[in-house]
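Shown next: input33.cif, containing mmCIF, C-alpha atoms and all ligand atoms.
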```cif
data_model
loop_
_atom_site.label_atom_id
_atom_site.label_comp_id
_atom_site.auth_asym_id
_atom_site.auth_seq_id
_atom_site.Cartn_x
_atom_site.Cartn_y
_atom_site.Cartn_z
CA MET A 1 8.93 13.10 -27.12
CA ALA A 2 6.27 15.53 -25.93
CA GLU A 3 5.33 13.11 -23.16
CA ALA A 4 8.95 12.93 -21.98
CA SER A 5 9.20 16.68 -21.71
CA ILE A 6 5.88 16.83 -19.86
CA SER A 7 7.03 14.39 -17.25
CA THR A 8 10.14 16.44 -16.41
CA GLN A 9 8.07 19.51 -15.58
CA PRO A 10 7.38 20.31 -11.94
CA ALA A 11 3.83 19.54 -10.76
CA GLY A 12 1.51 22.30 -11.98
CA PRO A 13 0.14 23.51 -15.25
CA THR A 14 3.05 25.64 -16.53
CA GLY A 15 4.90 23.12 -18.67
CA LEU A 16 1.76 21.65 -20.17
CA ALA A 17 0.27 25.05 -20.87
CA ARG A 18 3.38 25.80 -22.91
CA LEU A 19 2.64 22.72 -24.98
CA GLY A 20 -0.88 23.97 -25.51
CA ARG A 21 -2.58 20.99 -23.85
CA ALA A 22 -5.12 20.90 -21.07
CA VAL A 23 -3.85 19.08 -17.98
CA ASP A 24 -6.03 16.85 -15.91
CA PRO A 25 -5.06 18.06 -12.41
CA ARG A 26 -5.75 14.59 -11.06
CA ILE A 27 -3.13 13.09 -13.35
CA ALA A 28 -0.65 15.84 -12.49
CA GLY A 29 -1.25 15.06 -8.80
CA MET A 30 -0.70 11.33 -9.32
CA ARG A 31 2.53 11.99 -11.15
CA ALA A 32 3.74 14.23 -8.32
CA VAL A 33 2.96 11.49 -5.77
CA HIS A 34 4.59 8.77 -7.83
CA ARG A 35 7.75 10.85 -8.26
CA ALA A 36 7.85 11.73 -4.56
CA VAL A 37 7.51 8.06 -3.64
CA SER A 38 10.36 7.13 -5.98
CA GLU A 39 12.54 9.79 -4.36
CA LEU A 40 11.78 8.51 -0.86
CA ARG A 41 12.52 4.94 -1.95
CA ARG A 42 16.02 5.97 -3.08
CA GLY A 43 16.75 7.97 0.07
CA THR A 44 16.16 11.47 -1.33
CA PRO A 45 14.07 13.93 0.72
CA VAL A 46 10.88 15.50 -0.66
CA LEU A 47 8.83 18.53 0.37
CA LEU A 48 5.28 17.93 1.58
CA GLU A 49 3.06 21.03 1.40
CA GLY A 50 -0.37 21.66 2.89
CA GLY A 51 -2.33 23.97 5.17
CA GLY A 52 0.13 26.77 4.40
CA GLU A 53 3.05 24.79 5.81
CA SER A 54 5.83 22.65 4.40
CA LEU A 55 7.70 19.66 5.78
CA ILE A 56 10.85 18.19 4.37
CA LEU A 57 10.67 14.40 4.67
CA ALA A 58 13.02 11.48 4.25
CA ALA A 59 12.19 7.80 4.75
CA ALA A 60 14.00 6.46 7.82
CA GLU A 61 14.48 3.12 6.08
CA THR A 62 16.35 4.45 3.05
CA VAL A 63 17.89 7.81 3.90
CA GLY A 64 21.69 8.00 3.86
CA ALA A 65 24.27 10.63 4.78
CA ARG A 66 23.63 12.69 1.66
CA GLY A 67 19.87 12.80 2.15
CA LEU A 68 20.31 13.76 5.80
CA ALA A 69 22.69 16.56 4.81
CA GLU A 70 20.13 17.90 2.31
CA LEU A 71 17.44 17.65 4.95
CA ALA A 72 19.58 19.56 7.46
CA GLU A 73 20.30 22.28 4.90
CA ALA A 74 16.61 22.86 4.16
CA ALA A 75 15.28 22.39 7.73
CA LEU A 76 14.06 25.45 9.62
CA ALA A 77 13.95 23.57 12.95
CA ALA A 78 15.37 20.39 14.48
CA PRO A 79 14.18 17.25 12.66
CA VAL A 80 11.88 14.75 14.39
CA LEU A 81 11.08 11.14 13.59
CA LEU A 82 7.44 10.60 12.62
CA LEU A 83 6.23 7.14 13.57
CA SER A 84 2.83 5.54 13.68
CA ALA A 85 1.58 5.30 17.28
CA PRO A 86 2.03 1.51 17.65
CA ARG A 87 5.62 1.68 16.42
CA ALA A 88 6.38 4.68 18.63
CA ALA A 89 5.00 2.82 21.63
CA ALA A 90 7.24 -0.14 20.87
CA VAL A 91 10.33 2.04 20.41
CA LEU A 92 9.74 3.68 23.77
CA SER A 93 8.79 0.39 25.46
CA ARG A 94 5.74 2.09 26.91
CA PRO A 95 2.33 3.15 25.67
CA VAL A 96 2.14 6.46 23.87
CA SER A 97 -0.01 8.42 26.27
CA ALA A 98 1.39 11.92 26.57
CA PRO A 99 0.11 13.78 24.70
CA PRO A 100 -2.98 11.60 24.18
CA ALA A 101 -2.64 10.23 20.70
CA PRO A 102 -5.49 8.49 18.92
CA GLU A 103 -4.02 5.35 17.46
CA GLU A 104 -3.76 6.61 13.92
CA VAL A 105 -2.19 9.97 14.72
CA PRO A 106 1.55 9.75 14.04
CA VAL A 107 3.86 10.50 16.95
CA ALA A 108 6.92 12.74 16.67
CA LEU A 109 10.05 11.68 18.52
CA ARG A 110 12.88 14.07 19.25
CA LEU A 111 16.08 12.96 17.54
CA SER A 112 19.36 13.62 19.30
CA PRO A 113 22.37 14.08 16.98
CA ALA A 114 23.44 10.50 17.81
CA LEU A 115 20.13 9.15 16.54
CA LEU A 116 20.15 11.29 13.41
CA ALA A 117 22.27 8.75 11.56
CA PRO A 118 21.19 6.23 8.88
CA GLU A 119 21.86 3.09 10.92
CA GLN A 120 20.05 4.38 14.02
CA LEU A 121 17.10 5.57 11.96
CA ARG A 122 16.72 2.15 10.38
CA ARG A 123 16.68 0.56 13.81
CA LEU A 124 14.06 2.98 15.03
CA ALA A 125 11.91 2.32 11.97
CA ASP A 126 12.21 -1.46 11.75
CA PRO A 127 11.25 -3.75 14.62
CA VAL A 128 13.14 -6.56 12.93
CA ALA A 129 16.39 -4.58 12.70
CA GLU A 130 15.88 -3.24 16.18
CA GLN A 131 18.80 -3.58 18.54
CA LEU A 132 19.32 -1.95 21.89
CA LEU A 133 19.28 1.73 21.12
CA PRO A 134 22.06 3.80 22.69
CA GLU A 135 19.51 6.10 24.27
CA ALA A 136 15.75 6.35 24.59
CA PRO A 137 14.44 9.20 22.46
CA GLN A 138 12.05 11.59 24.13
CA ILE A 139 8.51 12.01 22.91
CA VAL A 140 7.70 15.50 21.78
CA PRO A 141 4.46 16.83 20.33
CA ALA A 142 4.75 18.23 16.84
CA PRO A 143 4.18 21.94 17.31
CA GLY A 144 4.07 23.94 14.16
CA PHE A 145 3.06 21.05 11.91
CA ALA A 146 -0.28 21.64 10.23
CA GLN A 147 -2.49 18.78 11.38
CA ALA A 148 -2.82 17.16 8.00
CA LEU A 149 0.92 16.95 7.36
CA PRO A 150 2.07 14.05 9.58
CA PRO A 151 -0.72 11.62 8.54
CA ALA A 152 -0.13 12.48 4.87
CA ALA A 153 3.61 11.87 5.36
CA ILE A 154 2.86 8.41 6.73
CA THR A 155 0.46 7.75 3.83
CA LEU A 156 3.17 8.73 1.35
CA ALA A 157 5.59 6.20 2.88
CA LYS A 158 2.88 3.52 2.77
CA ILE A 159 2.14 4.22 -0.90
CA GLY A 160 5.86 3.53 -1.45
CA ARG A 161 5.58 0.28 0.57
CA LEU A 162 8.22 1.72 2.89
CA LEU A 163 8.17 1.40 6.67
CA PRO A 164 5.95 4.26 7.83
CA ALA A 165 8.75 6.11 9.60
CA LEU A 166 10.05 9.46 8.37
CA VAL A 167 12.54 12.08 9.42
CA ALA A 168 10.67 15.38 9.14
CA ALA A 169 11.32 19.07 9.66
CA PRO A 170 9.63 22.33 8.70
CA ALA A 171 11.38 23.67 5.63
CA SER A 172 11.25 26.48 3.14
CA ALA A 173 10.10 25.74 -0.39
CA ALA A 174 12.80 28.07 -1.74
CA THR A 175 15.66 26.06 -0.22
CA THR A 176 14.24 22.70 -1.26
CA ALA A 177 13.74 24.02 -4.80
CA ARG A 178 17.38 25.22 -4.85
CA LEU A 179 18.44 21.71 -3.77
CA GLY A 180 16.32 20.22 -6.55
CA LEU A 181 14.01 18.37 -4.14
CA LEU A 182 10.52 17.53 -5.37
CA PRO A 183 7.36 19.05 -3.88
CA VAL A 184 4.11 17.16 -3.34
CA THR A 185 0.89 18.35 -1.73
CA VAL A 186 -1.16 16.76 1.05
CA ALA A 187 -4.23 16.95 -1.20
CA ASP A 188 -2.50 14.97 -3.95
CA VAL A 189 -1.28 12.33 -1.49
CA LEU A 190 -4.75 11.86 -0.02
CA ALA A 191 -6.41 11.73 -3.45
CA TYR A 192 -3.91 9.21 -4.79
CA PRO A 193 -5.64 5.87 -4.05
CA VAL A 194 -8.93 7.06 -5.54
CA SER A 195 -7.26 8.67 -8.55
CA ALA A 196 -5.08 5.62 -9.24
CA ALA A 197 -8.10 3.30 -9.15
CA ALA A 198 -10.20 5.60 -11.32
CA SER A 199 -7.45 5.97 -13.93
CA LEU A 200 -7.04 2.24 -14.66
CA VAL A 201 -7.04 1.50 -18.37
CA ARG A 202 -7.10 -1.87 -20.09
CA VAL A 203 -3.79 -1.99 -21.98
CA ALA A 204 -3.39 -5.56 -23.26
CA GLU A 205 -5.23 -8.83 -23.54
CA ALA A 206 -4.21 -12.30 -24.71
CA ARG A 207 -5.51 -15.85 -24.75
CA VAL A 208 -3.55 -17.90 -22.18
CA PRO A 209 -4.75 -21.51 -21.88
CA LEU A 210 -4.20 -22.67 -18.29
CA GLU A 211 -3.70 -26.18 -16.95
CA ASP A 212 -6.97 -25.91 -15.01
CA ALA A 213 -8.80 -23.69 -17.52
CA PRO A 214 -7.97 -24.14 -21.21
CA GLU A 215 -10.37 -21.32 -22.18
CA ALA A 216 -8.67 -18.47 -20.37
CA ARG A 217 -7.60 -14.94 -21.26
CA ILE A 218 -5.55 -12.43 -19.32
CA ALA A 219 -6.32 -8.72 -19.53
CA ALA A 220 -3.86 -6.20 -18.04
CA PHE A 221 -4.86 -2.88 -16.49
CA ARG A 222 -2.50 0.03 -15.90
CA ALA A 223 -3.03 3.19 -13.82
CA ALA A 224 -1.99 6.62 -15.06
CA ASP A 225 0.80 6.76 -12.46
CA GLY A 226 2.65 3.98 -14.28
CA GLY A 227 2.58 1.71 -11.23
CA ILE A 228 2.42 -2.08 -11.24
CA GLU A 229 -0.34 -3.50 -13.44
CA HIS A 230 -3.38 -5.38 -12.11
CA LEU A 231 -4.61 -8.41 -14.06
CA ALA A 232 -7.98 -9.95 -14.85
CA ILE A 233 -8.00 -13.67 -15.61
CA LEU A 234 -11.12 -14.37 -17.64
CA VAL A 235 -12.22 -17.98 -17.64
CA GLY A 236 -14.78 -18.73 -20.36
CA GLN A 237 -17.06 -15.78 -21.17
CA PRO A 238 -17.90 -14.13 -17.82
CA GLU A 239 -18.69 -10.84 -19.62
CA THR A 240 -21.86 -12.39 -21.00
CA ALA A 241 -23.10 -13.86 -17.69
CA GLU A 242 -25.62 -12.01 -15.51
CA ALA A 243 -23.56 -12.35 -12.29
CA PRO A 244 -20.48 -14.50 -12.94
CA LEU A 245 -18.31 -16.11 -10.30
CA CYS A 246 -15.65 -13.61 -9.30
CA ARG A 247 -12.58 -13.86 -7.10
CA ILE A 248 -10.65 -10.84 -5.91
CA HIS A 249 -7.20 -12.22 -5.22
CA SER A 250 -4.40 -10.12 -3.78
CA GLU A 251 -0.96 -11.01 -5.05
CA CYS A 252 1.07 -13.37 -2.86
CA PHE A 253 4.47 -14.11 -4.36
CA THR A 254 5.28 -16.67 -1.69
CA GLY A 255 1.98 -18.56 -1.79
CA ASP A 256 0.95 -18.15 -5.44
CA LEU A 257 4.33 -18.76 -7.07
CA LEU A 258 6.38 -20.73 -4.56
CA GLY A 259 3.69 -22.78 -2.84
CA SER A 260 4.49 -21.33 0.61
CA LEU A 261 2.70 -23.19 3.39
CA ARG A 262 2.44 -20.08 5.59
CA CYS A 263 -0.83 -18.98 3.97
CA ASP A 264 -3.71 -20.38 1.90
CA CYS A 265 -3.20 -18.20 -1.19
CA GLY A 266 -1.84 -20.85 -3.56
CA PRO A 267 -4.74 -23.29 -3.12
CA GLN A 268 -7.21 -20.38 -3.25
CA LEU A 269 -5.77 -19.13 -6.54
CA ARG A 270 -5.64 -22.47 -8.33
CA GLY A 271 -8.89 -23.57 -6.70
CA ALA A 272 -10.74 -20.48 -7.92
CA ILE A 273 -9.58 -20.95 -11.50
CA ALA A 274 -10.50 -24.64 -11.52
CA ARG A 275 -13.92 -23.84 -10.09
CA MET A 276 -14.57 -21.15 -12.69
CA ALA A 277 -13.61 -23.57 -15.44
CA ALA A 278 -16.28 -25.96 -14.16
CA GLU A 279 -19.01 -23.24 -14.14
CA PRO A 280 -21.16 -22.92 -17.26
CA GLY A 281 -20.81 -19.10 -17.11
CA GLY A 282 -17.07 -19.20 -16.41
CA GLY A 283 -15.71 -16.57 -14.09
CA VAL A 284 -13.28 -13.72 -13.56
CA LEU A 285 -10.33 -13.65 -11.20
CA LEU A 286 -8.88 -10.21 -10.46
CA TYR A 287 -5.22 -10.58 -9.59
CA LEU A 288 -4.42 -7.38 -7.73
CA ALA A 289 -0.95 -5.93 -7.11
CA GLN A 290 -1.59 -5.71 -3.39
CA GLU A 291 1.08 -8.05 -2.03
CA GLY A 292 0.91 -8.69 1.72
CA ARG A 293 -2.57 -7.14 2.12
CA GLY A 294 -1.13 -3.95 0.64
CA ILE A 295 2.12 -3.64 2.64
CA GLY A 296 4.38 -5.07 -0.07
CA LEU A 297 6.58 -8.16 -0.16
CA VAL A 298 9.51 -6.70 1.79
CA ASN A 299 7.26 -5.72 4.68
CA LYS A 300 5.44 -9.05 4.50
CA LEU A 301 8.78 -10.82 4.99
CA ARG A 302 9.44 -8.55 7.99
CA ALA A 303 5.97 -9.42 9.29
CA TYR A 304 6.77 -13.13 8.92
CA THR A 305 9.91 -12.67 11.04
CA LEU A 306 7.79 -10.98 13.71
CA GLN A 307 5.28 -13.82 13.49
CA ASP A 308 8.09 -16.29 14.10
CA SER A 309 8.74 -14.51 17.38
CA GLY A 310 5.13 -14.83 18.50
CA LEU A 311 2.97 -12.10 16.96
CA ASP A 312 -0.03 -13.06 14.85
CA THR A 313 -0.52 -11.75 11.30
CA LEU A 314 -2.55 -8.73 12.45
CA ASP A 315 -0.25 -7.62 15.28
CA ALA A 316 2.82 -8.08 13.07
CA ASN A 317 1.39 -5.55 10.60
CA ARG A 318 0.66 -3.14 13.44
CA ALA A 319 4.15 -3.54 14.90
CA LEU A 320 5.56 -2.43 11.54
CA GLY A 321 3.37 0.68 11.74
CA TYR A 322 0.86 -0.54 9.15
CA GLY A 323 -2.86 -1.18 9.48
CA ALA A 324 -4.16 -4.76 9.68
CA ASP A 325 -5.27 -4.58 6.05
CA GLU A 326 -4.15 -1.74 3.79
CA ARG A 327 -6.06 -2.81 0.69
CA ASP A 328 -8.54 -0.75 -1.24
CA PHE A 329 -11.00 -2.67 -3.40
CA ARG A 330 -11.92 0.31 -5.61
CA VAL A 331 -9.39 -1.07 -8.10
CA ALA A 332 -11.46 -4.24 -8.43
CA ALA A 333 -14.67 -2.30 -9.07
CA THR A 334 -13.06 -0.21 -11.83
CA MET A 335 -11.75 -3.35 -13.54
CA LEU A 336 -15.12 -5.10 -13.41
CA GLU A 337 -16.88 -2.04 -14.84
CA ALA A 338 -14.32 -1.85 -17.64
CA LEU A 339 -14.99 -5.51 -18.43
CA GLY A 340 -18.72 -4.82 -18.59
CA ILE A 341 -19.36 -6.90 -15.46
CA HIS A 342 -21.74 -5.09 -13.11
CA GLY A 343 -22.88 -7.98 -10.90
CA VAL A 344 -20.91 -10.89 -9.35
CA ARG A 345 -21.04 -13.87 -7.06
CA LEU A 346 -17.93 -13.45 -4.96
CA LEU A 347 -15.67 -16.36 -4.05
CA THR A 348 -14.38 -15.26 -0.66
CA ASN A 349 -14.49 -15.68 3.09
CA ASN A 350 -13.63 -12.04 3.71
CA PRO A 351 -16.64 -9.84 4.54
CA ASP A 352 -14.61 -6.67 3.78
CA LYS A 353 -14.37 -7.66 0.13
CA LEU A 354 -18.15 -8.03 -0.13
CA ALA A 355 -18.74 -4.66 1.52
CA GLY A 356 -15.91 -2.93 -0.35
CA LEU A 357 -17.15 -4.00 -3.77
CA ALA A 358 -20.78 -3.21 -3.01
CA ALA A 359 -19.75 0.26 -1.77
CA CYS A 360 -18.23 0.88 -5.20
CA GLY A 361 -21.49 0.12 -6.98
CA ILE A 362 -20.92 -3.50 -8.05
CA ARG A 363 -23.97 -5.71 -7.46
CA VAL A 364 -22.83 -8.51 -5.16
CA GLU A 365 -25.44 -11.19 -5.72
CA GLY A 366 -23.99 -13.66 -3.29
CA ARG A 367 -20.95 -15.12 -1.60
CA VAL A 368 -19.45 -18.47 -2.48
CA SER A 369 -17.34 -19.90 0.35
CA HIS A 370 -13.67 -20.43 -0.56
CA LEU A 371 -12.19 -22.46 2.27
CA PHE A 372 -9.20 -24.79 2.10
CA ALA A 373 -8.07 -27.14 4.83
CA ALA A 374 -5.21 -26.09 7.10
CA ASN A 375 -1.88 -27.67 6.15
CA GLY A 376 -0.14 -27.99 9.52
CA VAL A 377 1.84 -24.76 9.00
CA ASN A 378 -0.89 -22.19 8.31
CA ASP A 379 -3.28 -23.31 11.06
CA ALA A 380 -2.69 -20.30 13.33
CA TYR A 381 -2.88 -17.94 10.34
CA LEU A 382 -6.29 -19.30 9.33
CA GLU A 383 -7.47 -19.17 12.93
CA THR A 384 -6.43 -15.49 13.17
CA LYS A 385 -8.34 -14.68 9.96
CA LYS A 386 -11.42 -16.10 11.61
CA SER A 387 -11.00 -14.71 15.13
CA ARG A 388 -9.51 -11.28 14.40
CA PHE A 389 -10.51 -10.41 10.82
CA GLY A 390 -14.01 -11.85 11.11
CA HIS A 391 -13.60 -14.23 8.17
CA LEU A 392 -16.61 -16.40 7.51
CA MET A 393 -15.81 -20.05 7.93
CA GLY A 394 -18.71 -21.68 6.17
N1 LIG A 401 0.81 -8.67 5.76
C1 LIG A 401 0.61 -9.97 5.59
N2 LIG A 401 0.03 -10.37 4.44
C2 LIG A 401 -0.20 -11.68 4.29
C3 LIG A 401 0.15 -12.65 5.26
N3 LIG A 401 -0.20 -13.86 4.78
C4 LIG A 401 -0.76 -13.66 3.56
N4 LIG A 401 -0.76 -12.35 3.27
C5 LIG A 401 -1.28 -11.63 2.12
O1 LIG A 401 -2.68 -11.62 2.20
C6 LIG A 401 -3.23 -11.53 0.93
C7 LIG A 401 -4.24 -12.65 0.81
O2 LIG A 401 -5.34 -12.09 0.46
P1 LIG A 401 -6.58 -12.81 -0.21
O3 LIG A 401 -6.21 -14.08 -0.89
O4 LIG A 401 -7.22 -11.75 -1.00
O5 LIG A 401 -7.40 -13.31 1.02
P2 LIG A 401 -8.25 -12.80 2.18
O6 LIG A 401 -8.26 -11.35 2.46
O7 LIG A 401 -7.78 -13.65 3.29
O8 LIG A 401 -9.74 -13.15 1.77
P3 LIG A 401 -10.36 -14.41 1.02
O9 LIG A 401 -9.24 -15.32 0.67
O10 LIG A 401 -11.05 -13.85 -0.15
O11 LIG A 401 -11.30 -15.03 1.97
C8 LIG A 401 -2.09 -11.66 -0.05
O12 LIG A 401 -1.73 -10.37 -0.55
C9 LIG A 401 -0.97 -12.23 0.79
O13 LIG A 401 0.33 -11.84 0.37
C10 LIG A 401 0.75 -12.19 6.46
O14 LIG A 401 1.05 -12.92 7.37
N5 LIG A 401 0.97 -10.84 6.56
ZN ZN A 402 -0.29 -15.87 0.70
#
```

Please express what this file holds, its structure, as structure tokens.
Amino acid sequence: MAEASISTQPAGPTGLARLGRAVDPRIAGMRAVHRAVSELRRGTPVLLEGGGESLILAAAETVGARGLAELAEAALAAPVLLLSAPRAAAVLSRPVSAPPAPEEVPVALRLSPALLAPEQLRRLADPVAEQLLPEAPQIVPAPGFAQALPPAAITLAKIGRLLPALVAAPASAATTARLGLLPVTVADVLAYPVSAAASLVRVAEARVPLEDAPEARIAAFRAADGGIEHLAILVGQPETAEAPLCRIHSECFTGDLLGSLRCDCGPQLRGAIARMAAEPGGGVLLYLAQEGRGIGLVNKLRAYTLQDSGLDTLDANRALGYGADERDFRVAATMLEALGIHGVRLLTNNPDKLAGLAACGIRVEGRVSHLFAANGVNDAYLETKKSRFGHLMG
């Protein structure tokens, strides 16, 4: 009961102070981000605050007439569309060069009244839904936006696994509060990935005998934001080994569950478990809720459509406005520490996983190659992993 009343309080210490409890500001910040993301996902605007300025934001992919009306009511200036530079360049059919924009600085496009409509916004945000636009929007710089605001807005959309495209306008906190729109700060958005990883708690564990590993257990980890759980599949007794075999496996609904031939995830998942079962020390497979290298299943399906029209897996991510790989392996390090595993031999071909884990203080005592033969469908995908992601092929 107390917890329910806490979670309906606005971000900040007031409500909790009334209950006589100390608030961990990090948890309050995560809650604010999680709520803001949920609002964006259902088409409701939120207020992003930082550097003494405020922006009202709505996700181009989900906003409808009502959200746009709320945004217009709170806006203090004409709304713009914030897009990542690669997506903006594609929308304009020319490179984004004026003003010079480093690749990761979002670009603001002026939105004429005709473009400020849900259907047009979706087309501008989504290269797959893109049709011939009725007019080419003009590029405008984003005067008046504190520098940290546009990148944090894009990060917020990415946390929500939404296309990183947002309608944005300077707004007053008073009006957005009157409209009941949620505030979130730049600092909380930027702290979110670290806070979420650090807050993981082991919430359940059960013995689950597997076809390839009869001695297996699954332990579930949940972050304080209430997001999707990450899982550890423990084969044998890896906790007692000095440096057990370990696989960090990012969720792949299509490959892991359906046996999709587009990638190598299914064979890698089953292969890792079988290999751990054959090891005297067993092993641990971390099954991370990072579908599509962190862009989510919906965006991965969009990326597949783009790949069918000629882009490779890396450029398809970029065309959607995402980075090549949006994953953060801090989650894996926290889980290993919680399991009492401080050193591993990593089953991977991906050098970023080795570096990422080591940077978080886990002793990486070696790499064990985890290659599976191409299947006639995933050949180009595997080749791209080697040539563009630097995957080790031996
Ligand atoms: N965005 C995107 N994600 C993909 C694509 N194909 C597979 N994935 C995702 O990539 C992730 C696969 O990651 P991992 O199995 O950890 O593999 P990896 O980074 O290639 O590294 P190792 O397998 O350890 O060598 C899963 O989340 C898949 O859903 C694709 O074409 N686009
Ligand atoms: Zn896959």

Given only C-alpha atoms and all ligand atoms, how would the per-residue table for chain A near ligand LIG 401 (chain A) read, listing every residue at most 6 Å away with its closest atom pair and distance in Å to one decimal, sorted by chain and number, as a Markdown table?
```
| residue | atom | partner | partner_atom | distance |
| --- | --- | --- | --- | --- |
| A:His249 | CA | A:LIG401 | O4 | 4.2 |
| A:Ser250 | CA | A:LIG401 | O12 | 4.2 |
| A:Glu251 | CA | A:LIG401 | O12 | 4.6 |
| A:Cys252 | CA | A:LIG401 | O13 | 3.6 |
| A:Cys263 | CA | A:LIG401 | N3 | 5.2 |
| A:Cys265 | CA | A:LIG401 | O3 | 5.1 |
| A:Gln290 | CA | A:LIG401 | O12 | 5.5 |
| A:Glu291 | CA | A:LIG401 | O12 | 3.9 |
| A:Gly292 | CA | A:LIG401 | N2 | 3.3 |
| A:Arg293 | CA | A:LIG401 | O12 | 4.3 |
| A:Lys300 | CA | A:LIG401 | N1 | 4.8 |
| A:Ala303 | CA | A:LIG401 | N5 | 5.9 |
| A:Tyr304 | CA | A:LIG401 | O14 | 5.9 |
| A:Thr313 | CA | A:LIG401 | O14 | 4.4 |
| A:Asn317 | CA | A:LIG401 | N1 | 5.8 |
| A:Thr348 | CA | A:LIG401 | O10 | 3.7 |
| A:Asn349 | CA | A:LIG401 | O11 | 3.4 |
| A:Asn350 | CA | A:LIG401 | O11 | 4.2 |
```

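Non-sequential neighbours of stretch 274-283 of chain A (distance at most 7 Å, separation of 2 or more positions within a chain, only C-alpha atoms) are Asp212, Ala213, Leu234, Val235, Gly236, Gln237, Pro238, Ala241, Pro244, Leu245, Cys246, Arg270, Gly271, Ala272 and Leu285 of chain A.
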
Find the distance between atom CA of A:Gly366 and atom CA of A:Leu346 and write it in Å to one decimal.
6.3 Å

Excluding A:Leu162 and residues on its chain fewer than 4 positions from it, collect all residues at most 9 Å away from it, counting only C-alpha atoms, and give them as a count of residues only.
13

Given all atoms listed in the file as the counted atoms, nearest of A:Pro351, A:Leu301, A:Gly310, A:Gly390 to ligand ZN 402 (chain A):
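Looking only at the distances to ligand ZN 402 (chain A), the closest residue turns out to be A:Leu301.
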
Calculate how many Å separate atom CA of A:Ile248 from atom CA of A:Leu286, rounding to one decimal.
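Taking atom CA of A:Ile248 as the start and atom CA of A:Leu286 as the end point, the length is 4.9 Å.
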
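Straight-line separation from atom CA of A:Arg367 to atom CA of A:Leu392: 10.2 Å.
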
I need every residue sitting at most 10 Å from the point (9.8, 13.3, -4.8) (coordinates as in the file, only C-alpha atoms considered), written as a ChimeraX atom specification.
/A:31-42,44-48,57-58,180-184

Kindly indicate which residue among A:Leu382, A:Ala173, A:Leu81, A:Leu124 lies nearest to ligand ZN 402 (chain A), using all atoms listed in the file for the distances.
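Closest to ligand ZN 402 (chain A) of all the choices is A:Leu382.
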
Nearest-residue call for A:Ala88, choices A:Leu311, A:Leu347, A:Ala69, A:Leu320, using only C-alpha atoms:
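Ranked by minimum distance to A:Ala88, first place goes to A:Leu320.
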
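If you measure from each of A:Asp312, A:Asp256, A:Glu383, A:Glu104 to ligand ZN 402 (chain A) using only C-alpha atoms and all ligand atoms, the closest one turns out to be A:Asp256.
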
Pick out the closest residue to ligand ZN 402 (chain A) from this set: A:Leu261, A:Leu336, A:Ala289, A:Leu71. Count all atoms listed in the file.
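Of A:Leu261, A:Leu336, A:Ala289, A:Leu71, the one nearest ligand ZN 402 (chain A) is A:Leu261, counting all atoms listed in the file.
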
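In this comparison, which uses all atoms listed in the file, the residue of A:Asp264, A:Glu239, A:Asp315, A:Glu337 approaching ligand ZN 402 (chain A) most closely is A:Asp264.
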
Near-A:Arg363 list (9 Å; all atoms listed in the file; drop same-chain fewer than 5 positions) as a PyMOL selection string:
chain A and resi 243+342-345+357-358
